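Let me begin by presenting the structure, written as structure tokens, before commenting on it.
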Amino acid sequence: MQRYVQTGVLLLDIRALREMRFAQRMADFLATHGDRLRFADQCALNVLFADRVALLDPAWNVLATGQDRHQRQFGTPPRILHFAGSKPWRTIDLPGTWVWWSCAWRAGRLRQFALDFLRFRASREVAALKRRLGTHQRGRT
């Protein structure tokens with residue numbers, strides 16, 4: 001493989017995917033190799049499309065944690081922020097989180113995402129409380 005491409009943002013030719021039976025090829029590849037791949041879908045895409053990749057301008061896939069670096073290096077703002085790893089709908093202290101939440105608001109989805117965020121945070125806090133109470137209760141014999 002000549003290069004490994006981060007596949008956070010893709011522009012795909014759906015007709016070509018159908019012609020090459022992409023869904024079946026991807027499923028077969030993952031069934032055979034999936035347990036050995038660090039990023040299963042991304043690794044599979046790199047193998048299946050090794051010779052059929054045209055790179056987009058870097059502005060179309062900037063890691064949220066690297067947006068300031070991108071701005072300094074290229075002199076232009078990112079077009080798409082890629083939240084690899086932690087997601088803005090799960091934490092509010094990531095770089096770019098407020099951009100994401102403002103987009104959710106403009107799309108009319110703020111209430112839905114905010115409720116999901118609060119449920120997620122509440123479940124984490126309840127789990128932490130249960131762990132602490134369990135430890136506390138075990139210590140009180």
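Following the order of the structure tokens, first chain is A, next is B, and so on, with residues numbered from 1 inside each chain and ligands from 1 in the order they appear.
Residues of chain A that DSSP places in strand (DSSP E or B), based on the backbone of this structure, are Val62, Leu63, Leu81 and His82 of chain A.
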Take the residues from that selection and put them in a file with N, CA and C atoms, as an mmCIF file, in the first residue's frame.
data_model
loop_
_atom_site.group_PDB
_atom_site.id
_atom_site.type_symbol
_atom_site.label_atom_id
_atom_site.label_comp_id
_atom_site.auth_asym_id
_atom_site.auth_seq_id
_atom_site.Cartn_x
_atom_site.Cartn_y
_atom_site.Cartn_z
ATOM 1 N N VAL A 62 -10.391 18.530 8.532
ATOM 2 C CA VAL A 62 -9.449 19.004 9.537
ATOM 3 C C VAL A 62 -9.866 18.454 10.891
ATOM 4 N N LEU A 63 -8.926 17.792 11.563
ATOM 5 C CA LEU A 63 -9.230 17.324 12.912
ATOM 6 C C LEU A 63 -9.554 18.528 13.783
ATOM 7 N N LEU A 81 -14.838 20.209 10.137
ATOM 8 C CA LEU A 81 -14.105 19.760 11.317
ATOM 9 C C LEU A 81 -14.416 18.293 11.560
ATOM 10 N N HIS A 82 -13.376 17.506 11.744
ATOM 11 C CA HIS A 82 -13.525 16.073 11.976
ATOM 12 C C HIS A 82 -13.264 15.806 13.459
#
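Residues within 12 Å of A:Leu17, counting only C-alpha atoms and excluding same-chain residues fewer than 3 positions away, are A:Leu11, A:Leu12, A:Asp13, A:Ile14, A:Met20, A:Arg21, A:Phe22, A:Ala23, A:Gln24, A:Arg25, A:Met26, A:Leu45, A:Leu48, A:Phe49, A:Arg52.
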DSSP on the backbone, alpha helix (DSSP H) only: what residues of chain A does that give? Format it as a PDB file with N, CA and C atoms, in the first residue's frame.
ATOM      1  N   ILE A  14     -21.176   6.704  -6.166  1.00  0.00           N
ATOM      2  CA  ILE A  14     -22.101   5.626  -5.798  1.00  0.00           C
ATOM      3  C   ILE A  14     -22.265   4.622  -6.935  1.00  0.00           C
ATOM      4  N   ARG A  15     -22.352   5.086  -8.165  1.00  0.00           N
ATOM      5  CA  ARG A  15     -22.502   4.163  -9.305  1.00  0.00           C
ATOM      6  C   ARG A  15     -21.299   3.223  -9.383  1.00  0.00           C
ATOM      7  N   ALA A  16     -20.097   3.769  -9.234  1.00  0.00           N
ATOM      8  CA  ALA A  16     -18.885   2.933  -9.281  1.00  0.00           C
ATOM      9  C   ALA A  16     -18.855   1.950  -8.116  1.00  0.00           C
ATOM     10  N   LEU A  17     -19.329   2.372  -6.949  1.00  0.00           N
ATOM     11  CA  LEU A  17     -19.381   1.467  -5.795  1.00  0.00           C
ATOM     12  C   LEU A  17     -20.298   0.281  -6.075  1.00  0.00           C
ATOM     13  N   ARG A  18     -21.443   0.572  -6.662  1.00  0.00           N
ATOM     14  CA  ARG A  18     -22.378  -0.523  -6.995  1.00  0.00           C
ATOM     15  C   ARG A  18     -21.768  -1.466  -8.021  1.00  0.00           C
ATOM     16  N   GLU A  19     -21.115  -0.908  -9.027  1.00  0.00           N
ATOM     17  CA  GLU A  19     -20.509  -1.731 -10.081  1.00  0.00           C
ATOM     18  C   GLU A  19     -19.420  -2.640  -9.531  1.00  0.00           C
ATOM     19  N   PHE A  22     -19.182  -3.055  -3.917  1.00  0.00           N
ATOM     20  CA  PHE A  22     -18.455  -2.555  -2.762  1.00  0.00           C
ATOM     21  C   PHE A  22     -18.965  -3.127  -1.441  1.00  0.00           C
ATOM     22  N   ALA A  23     -20.275  -3.122  -1.222  1.00  0.00           N
ATOM     23  CA  ALA A  23     -20.818  -3.575   0.067  1.00  0.00           C
ATOM     24  C   ALA A  23     -20.383  -5.009   0.360  1.00  0.00           C
ATOM     25  N   GLN A  24     -20.464  -5.878  -0.648  1.00  0.00           N
ATOM     26  CA  GLN A  24     -20.069  -7.270  -0.451  1.00  0.00           C
ATOM     27  C   GLN A  24     -18.567  -7.395  -0.237  1.00  0.00           C
ATOM     28  N   ARG A  25     -17.788  -6.659  -1.018  1.00  0.00           N
ATOM     29  CA  ARG A  25     -16.331  -6.714  -0.870  1.00  0.00           C
ATOM     30  C   ARG A  25     -15.898  -6.204   0.503  1.00  0.00           C
ATOM     31  N   MET A  26     -16.548  -5.142   0.970  1.00  0.00           N
ATOM     32  CA  MET A  26     -16.223  -4.589   2.288  1.00  0.00           C
ATOM     33  C   MET A  26     -16.586  -5.604   3.375  1.00  0.00           C
ATOM     34  N   ALA A  27     -17.789  -6.186   3.279  1.00  0.00           N
ATOM     35  CA  ALA A  27     -18.223  -7.174   4.271  1.00  0.00           C
ATOM     36  C   ALA A  27     -17.283  -8.377   4.287  1.00  0.00           C
ATOM     37  N   ASP A  28     -16.891  -8.862   3.110  1.00  0.00           N
ATOM     38  CA  ASP A  28     -15.976 -10.002   3.030  1.00  0.00           C
ATOM     39  C   ASP A  28     -14.618  -9.669   3.646  1.00  0.00           C
ATOM     40  N   PHE A  29     -14.098  -8.495   3.313  1.00  0.00           N
ATOM     41  CA  PHE A  29     -12.795  -8.089   3.837  1.00  0.00           C
ATOM     42  C   PHE A  29     -12.826  -7.987   5.359  1.00  0.00           C
ATOM     43  N   LEU A  30     -13.873  -7.353   5.890  1.00  0.00           N
ATOM     44  CA  LEU A  30     -13.975  -7.190   7.341  1.00  0.00           C
ATOM     45  C   LEU A  30     -14.190  -8.522   8.048  1.00  0.00           C
ATOM     46  N   ALA A  31     -14.944  -9.423   7.422  1.00  0.00           N
ATOM     47  CA  ALA A  31     -15.156 -10.740   8.026  1.00  0.00           C
ATOM     48  C   ALA A  31     -13.845 -11.514   8.118  1.00  0.00           C
ATOM     49  N   THR A  32     -12.997 -11.338   7.138  1.00  0.00           N
ATOM     50  CA  THR A  32     -11.722 -12.049   7.095  1.00  0.00           C
ATOM     51  C   THR A  32     -10.638 -11.383   7.939  1.00  0.00           C
ATOM     52  N   HIS A  33     -10.583 -10.044   7.907  1.00  0.00           N
ATOM     53  CA  HIS A  33      -9.459  -9.330   8.520  1.00  0.00           C
ATOM     54  C   HIS A  33      -9.846  -8.385   9.659  1.00  0.00           C
ATOM     55  N   ALA A  40     -11.123  -0.538  11.704  1.00  0.00           N
ATOM     56  CA  ALA A  40     -11.639  -1.525  10.750  1.00  0.00           C
ATOM     57  C   ALA A  40     -12.111  -0.929   9.429  1.00  0.00           C
ATOM     58  N   ASP A  41     -13.075  -0.017   9.471  1.00  0.00           N
ATOM     59  CA  ASP A  41     -13.606   0.504   8.212  1.00  0.00           C
ATOM     60  C   ASP A  41     -12.557   1.317   7.454  1.00  0.00           C
ATOM     61  N   GLN A  42     -11.797   2.129   8.157  1.00  0.00           N
ATOM     62  CA  GLN A  42     -10.781   2.955   7.511  1.00  0.00           C
ATOM     63  C   GLN A  42      -9.689   2.092   6.882  1.00  0.00           C
ATOM     64  N   CYS A  43      -9.238   1.085   7.596  1.00  0.00           N
ATOM     65  CA  CYS A  43      -8.214   0.185   7.049  1.00  0.00           C
ATOM     66  C   CYS A  43      -8.745  -0.559   5.825  1.00  0.00           C
ATOM     67  N   ALA A  44      -9.977  -1.033   5.917  1.00  0.00           N
ATOM     68  CA  ALA A  44     -10.572  -1.750   4.784  1.00  0.00           C
ATOM     69  C   ALA A  44     -10.696  -0.835   3.570  1.00  0.00           C
ATOM     70  N   LEU A  45     -11.137   0.385   3.774  1.00  0.00           N
ATOM     71  CA  LEU A  45     -11.247   1.330   2.659  1.00  0.00           C
ATOM     72  C   LEU A  45      -9.884   1.584   2.018  1.00  0.00           C
ATOM     73  N   ASN A  46      -8.844   1.670   2.823  1.00  0.00           N
ATOM     74  CA  ASN A  46      -7.507   1.883   2.282  1.00  0.00           C
ATOM     75  C   ASN A  46      -7.050   0.716   1.421  1.00  0.00           C
ATOM     76  N   VAL A  47      -7.390  -0.499   1.822  1.00  0.00           N
ATOM     77  CA  VAL A  47      -7.008  -1.668   1.025  1.00  0.00           C
ATOM     78  C   VAL A  47      -7.851  -1.747  -0.246  1.00  0.00           C
ATOM     79  N   LEU A  48      -9.163  -1.609  -0.106  1.00  0.00           N
ATOM     80  CA  LEU A  48     -10.052  -1.772  -1.265  1.00  0.00           C
ATOM     81  C   LEU A  48      -9.901  -0.661  -2.300  1.00  0.00           C
ATOM     82  N   GLN A  67      -7.432  22.542  14.236  1.00  0.00           N
ATOM     83  CA  GLN A  67      -7.933  23.630  13.399  1.00  0.00           C
ATOM     84  C   GLN A  67      -7.063  24.882  13.453  1.00  0.00           C
ATOM     85  N   ASP A  68      -6.485  25.201  14.613  1.00  0.00           N
ATOM     86  CA  ASP A  68      -5.597  26.366  14.689  1.00  0.00           C
ATOM     87  C   ASP A  68      -4.340  26.145  13.858  1.00  0.00           C
ATOM     88  N   ARG A  69      -3.789  24.947  13.928  1.00  0.00           N
ATOM     89  CA  ARG A  69      -2.600  24.597  13.130  1.00  0.00           C
ATOM     90  C   ARG A  69      -2.917  24.702  11.639  1.00  0.00           C
ATOM     91  N   HIS A  70      -4.091  24.215  11.236  1.00  0.00           N
ATOM     92  CA  HIS A  70      -4.503  24.295   9.833  1.00  0.00           C
ATOM     93  C   HIS A  70      -4.568  25.759   9.388  1.00  0.00           C
ATOM     94  N   GLN A  71      -5.171  26.597  10.212  1.00  0.00           N
ATOM     95  CA  GLN A  71      -5.307  28.024   9.886  1.00  0.00           C
ATOM     96  C   GLN A  71      -3.924  28.668   9.696  1.00  0.00           C
ATOM     97  N   ARG A  72      -2.988  28.353  10.591  1.00  0.00           N
ATOM     98  CA  ARG A  72      -1.630  28.913  10.480  1.00  0.00           C
ATOM     99  C   ARG A  72      -0.910  28.381   9.236  1.00  0.00           C
ATOM    100  N   GLN A  73      -1.052  27.086   8.981  1.00  0.00           N
ATOM    101  CA  GLN A  73      -0.313  26.462   7.877  1.00  0.00           C
ATOM    102  C   GLN A  73      -0.853  26.872   6.509  1.00  0.00           C
ATOM    103  N   PHE A  74      -2.176  26.918   6.353  1.00  0.00           N
ATOM    104  CA  PHE A  74      -2.763  27.160   5.037  1.00  0.00           C
ATOM    105  C   PHE A  74      -3.362  28.555   4.877  1.00  0.00           C
ATOM    106  N   THR A  97     -16.122  22.479  19.621  1.00  0.00           N
ATOM    107  CA  THR A  97     -17.415  22.019  20.125  1.00  0.00           C
ATOM    108  C   THR A  97     -18.503  23.059  19.907  1.00  0.00           C
ATOM    109  N   TRP A  98     -18.179  24.311  20.145  1.00  0.00           N
ATOM    110  CA  TRP A  98     -19.217  25.344  20.020  1.00  0.00           C
ATOM    111  C   TRP A  98     -19.625  25.545  18.570  1.00  0.00           C
ATOM    112  N   VAL A  99     -18.715  25.309  17.640  1.00  0.00           N
ATOM    113  CA  VAL A  99     -19.087  25.352  16.226  1.00  0.00           C
ATOM    114  C   VAL A  99     -20.124  24.264  15.954  1.00  0.00           C
ATOM    115  N   TRP A 100     -19.857  23.067  16.468  1.00  0.00           N
ATOM    116  CA  TRP A 100     -20.776  21.947  16.252  1.00  0.00           C
ATOM    117  C   TRP A 100     -22.152  22.248  16.859  1.00  0.00           C
ATOM    118  N   TRP A 101     -22.172  22.733  18.101  1.00  0.00           N
ATOM    119  CA  TRP A 101     -23.449  23.020  18.754  1.00  0.00           C
ATOM    120  C   TRP A 101     -24.208  24.144  18.042  1.00  0.00           C
ATOM    121  N   SER A 102     -23.505  25.137  17.510  1.00  0.00           N
ATOM    122  CA  SER A 102     -24.198  26.206  16.780  1.00  0.00           C
ATOM    123  C   SER A 102     -24.797  25.658  15.488  1.00  0.00           C
ATOM    124  N   CYS A 103     -24.119  24.693  14.861  1.00  0.00           N
ATOM    125  CA  CYS A 103     -24.697  24.044  13.667  1.00  0.00           C
ATOM    126  C   CYS A 103     -25.935  23.240  14.040  1.00  0.00           C
ATOM    127  N   ALA A 104     -25.891  22.546  15.174  1.00  0.00           N
ATOM    128  CA  ALA A 104     -27.068  21.793  15.643  1.00  0.00           C
ATOM    129  C   ALA A 104     -28.231  22.740  15.877  1.00  0.00           C
ATOM    130  N   TRP A 105     -27.948  23.903  16.440  1.00  0.00           N
ATOM    131  CA  TRP A 105     -28.994  24.889  16.695  1.00  0.00           C
ATOM    132  C   TRP A 105     -29.585  25.391  15.378  1.00  0.00           C
ATOM    133  N   ARG A 106     -28.708  25.757  14.409  1.00  0.00           N
ATOM    134  CA  ARG A 106     -29.196  26.262  13.120  1.00  0.00           C
ATOM    135  C   ARG A 106     -29.974  25.197  12.361  1.00  0.00           C
ATOM    136  N   LEU A 110     -30.981  21.355  18.173  1.00  0.00           N
ATOM    137  CA  LEU A 110     -30.330  21.638  19.445  1.00  0.00           C
ATOM    138  C   LEU A 110     -31.009  20.927  20.604  1.00  0.00           C
ATOM    139  N   ARG A 111     -32.329  20.998  20.675  1.00  0.00           N
ATOM    140  CA  ARG A 111     -33.050  20.383  21.796  1.00  0.00           C
ATOM    141  C   ARG A 111     -32.787  18.877  21.853  1.00  0.00           C
ATOM    142  N   GLN A 112     -32.879  18.203  20.718  1.00  0.00           N
ATOM    143  CA  GLN A 112     -32.665  16.755  20.679  1.00  0.00           C
ATOM    144  C   GLN A 112     -31.252  16.399  21.143  1.00  0.00           C
ATOM    145  N   PHE A 113     -30.249  17.079  20.598  1.00  0.00           N
ATOM    146  CA  PHE A 113     -28.869  16.777  20.972  1.00  0.00           C
ATOM    147  C   PHE A 113     -28.583  17.152  22.421  1.00  0.00           C
ATOM    148  N   ALA A 114     -29.162  18.263  22.877  1.00  0.00           N
ATOM    149  CA  ALA A 114     -28.946  18.669  24.271  1.00  0.00           C
ATOM    150  C   ALA A 114     -29.530  17.633  25.225  1.00  0.00           C
ATOM    151  N   LEU A 115     -30.715  17.119  24.925  1.00  0.00           N
ATOM    152  CA  LEU A 115     -31.311  16.085  25.779  1.00  0.00           C
ATOM    153  C   LEU A 115     -30.473  14.810  25.763  1.00  0.00           C
ATOM    154  N   ASP A 116     -30.007  14.413  24.592  1.00  0.00           N
ATOM    155  CA  ASP A 116     -29.130  13.240  24.498  1.00  0.00           C
ATOM    156  C   ASP A 116     -27.850  13.461  25.305  1.00  0.00           C
ATOM    157  N   PHE A 117     -27.281  14.656  25.192  1.00  0.00           N
ATOM    158  CA  PHE A 117     -26.063  14.998  25.925  1.00  0.00           C
ATOM    159  C   PHE A 117     -26.304  14.903  27.430  1.00  0.00           C
ATOM    160  N   LEU A 118     -27.422  15.464  27.899  1.00  0.00           N
ATOM    161  CA  LEU A 118     -27.722  15.436  29.333  1.00  0.00           C
ATOM    162  C   LEU A 118     -27.959  14.011  29.832  1.00  0.00           C
ATOM    163  N   ARG A 119     -28.647  13.191  29.032  1.00  0.00           N
ATOM    164  CA  ARG A 119     -28.864  11.787  29.416  1.00  0.00           C
ATOM    165  C   ARG A 119     -27.528  11.054  29.517  1.00  0.00           C
ATOM    166  N   PHE A 120     -26.664  11.274  28.541  1.00  0.00           N
ATOM    167  CA  PHE A 120     -25.349  10.633  28.538  1.00  0.00           C
ATOM    168  C   PHE A 120     -24.553  11.054  29.768  1.00  0.00           C
ATOM    169  N   ARG A 121     -24.490  12.357  30.025  1.00  0.00           N
ATOM    170  CA  ARG A 121     -23.729  12.848  31.186  1.00  0.00           C
ATOM    171  C   ARG A 121     -24.322  12.336  32.487  1.00  0.00           C
ATOM    172  N   ALA A 122     -25.666  12.328  32.569  1.00  0.00           N
ATOM    173  CA  ALA A 122     -26.318  11.842  33.794  1.00  0.00           C
ATOM    174  C   ALA A 122     -26.001  10.368  34.016  1.00  0.00           C
ATOM    175  N   SER A 123     -26.013   9.564  32.968  1.00  0.00           N
ATOM    176  CA  SER A 123     -25.725   8.131  33.132  1.00  0.00           C
ATOM    177  C   SER A 123     -24.287   7.930  33.606  1.00  0.00           C
ATOM    178  N   ARG A 124     -23.350   8.738  33.118  1.00  0.00           N
ATOM    179  CA  ARG A 124     -21.962   8.640  33.582  1.00  0.00           C
ATOM    180  C   ARG A 124     -21.845   9.026  35.053  1.00  0.00           C
ATOM    181  N   GLU A 125     -22.549  10.082  35.447  1.00  0.00           N
ATOM    182  CA  GLU A 125     -22.491  10.525  36.848  1.00  0.00           C
ATOM    183  C   GLU A 125     -23.122   9.490  37.775  1.00  0.00           C
ATOM    184  N   VAL A 126     -24.244   8.906  37.366  1.00  0.00           N
ATOM    185  CA  VAL A 126     -24.903   7.877  38.177  1.00  0.00           C
ATOM    186  C   VAL A 126     -23.985   6.667  38.323  1.00  0.00           C
ATOM    187  N   ALA A 127     -23.329   6.261  37.256  1.00  0.00           N
ATOM    188  CA  ALA A 127     -22.398   5.129  37.332  1.00  0.00           C
ATOM    189  C   ALA A 127     -21.254   5.442  38.297  1.00  0.00           C
ATOM    190  N   ALA A 128     -20.731   6.673  38.245  1.00  0.00           N
ATOM    191  CA  ALA A 128     -19.651   7.058  39.167  1.00  0.00           C
ATOM    192  C   ALA A 128     -20.149   7.052  40.606  1.00  0.00           C
ATOM    193  N   LEU A 129     -21.358   7.546  40.833  1.00  0.00           N
ATOM    194  CA  LEU A 129     -21.932   7.527  42.185  1.00  0.00           C
ATOM    195  C   LEU A 129     -22.101   6.102  42.694  1.00  0.00           C
ATOM    196  N   LYS A 130     -22.582   5.217  41.832  1.00  0.00           N
ATOM    197  CA  LYS A 130     -22.755   3.816  42.237  1.00  0.00           C
ATOM    198  C   LYS A 130     -21.423   3.192  42.616  1.00  0.00           C
ATOM    199  N   ARG A 131     -20.388   3.487  41.833  1.00  0.00           N
ATOM    200  CA  ARG A 131     -19.057   2.957  42.174  1.00  0.00           C
ATOM    201  C   ARG A 131     -18.604   3.481  43.531  1.00  0.00           C
ATOM    202  N   ARG A 132     -18.772   4.777  43.751  1.00  0.00           N
ATOM    203  CA  ARG A 132     -18.365   5.365  45.032  1.00  0.00           C
ATOM    204  C   ARG A 132     -19.184   4.808  46.188  1.00  0.00           C
ATOM    205  N   LEU A 133     -20.489   4.688  45.985  1.00  0.00           N
ATOM    206  CA  LEU A 133     -21.340   4.149  47.055  1.00  0.00           C
ATOM    207  C   LEU A 133     -20.987   2.691  47.329  1.00  0.00           C
ATOM    208  N   GLY A 134     -20.720   1.936  46.269  1.00  0.00           N
ATOM    209  CA  GLY A 134     -20.335   0.538  46.474  1.00  0.00           C
ATOM    210  C   GLY A 134     -19.046   0.438  47.262  1.00  0.00           C
ATOM    211  N   THR A 135     -18.081   1.268  46.932  1.00  0.00           N
ATOM    212  CA  THR A 135     -16.809   1.272  47.665  1.00  0.00           C
ATOM    213  C   THR A 135     -17.048   1.712  49.100  1.00  0.00           C
ATOM    214  N   HIS A 136     -17.867   2.734  49.277  1.00  0.00           N
ATOM    215  CA  HIS A 136     -18.174   3.254  50.611  1.00  0.00           C
ATOM    216  C   HIS A 136     -18.891   2.204  51.454  1.00  0.00           C
ATOM    217  N   GLN A 137     -19.864   1.526  50.849  1.00  0.00           N
ATOM    218  CA  GLN A 137     -20.646   0.520  51.582  1.00  0.00           C
ATOM    219  C   GLN A 137     -19.767  -0.671  51.976  1.00  0.00           C
ATOM    220  N   ARG A 138     -18.860  -1.085  51.088  1.00  0.00           N
ATOM    221  CA  ARG A 138     -17.975  -2.215  51.393  1.00  0.00           C
ATOM    222  C   ARG A 138     -17.035  -1.868  52.538  1.00  0.00           C
ATOM    223  N   GLY A 139     -16.666  -0.588  52.622  1.00  0.00           N
ATOM    224  CA  GLY A 139     -15.758  -0.166  53.683  1.00  0.00           C
ATOM    225  C   GLY A 139     -16.424  -0.050  55.047  1.00  0.00           C
TER     226      GLY A 139
END
Between A:Ala50, A:Gly66, A:Leu37, A:Phe83, smallest distance to A:Val9 by only C-alpha atoms belongs to A:Phe83
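Near A:Leu10, within a cut-off of 10 Å and counting only C-alpha atoms, sit the residues A:Leu55, A:Leu56, A:Trp60, A:Asn61, with same-chain residues fewer than 6 positions away left out.
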For those residues, write C-alpha atoms to a file as a JSON list (two decimals), in the first residue's frame.
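Output saved as part03.json:
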[["chain", "number", "residue", "atom", "x", "y", "z"],
["A", 55, "LEU", "CA", -7.19, 13.43, -2.23],
["A", 56, "LEU", "CA", -9.41, 16.35, -1.31],
["A", 60, "TRP", "CA", -12.28, 19.48, 3.86],
["A", 61, "ASN", "CA", -11.15, 17.18, 6.67]]
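Reported to one decimal place, the separation of atom CA of A:Ala54 from atom CA of A:Gln2 is 13.1 Å.
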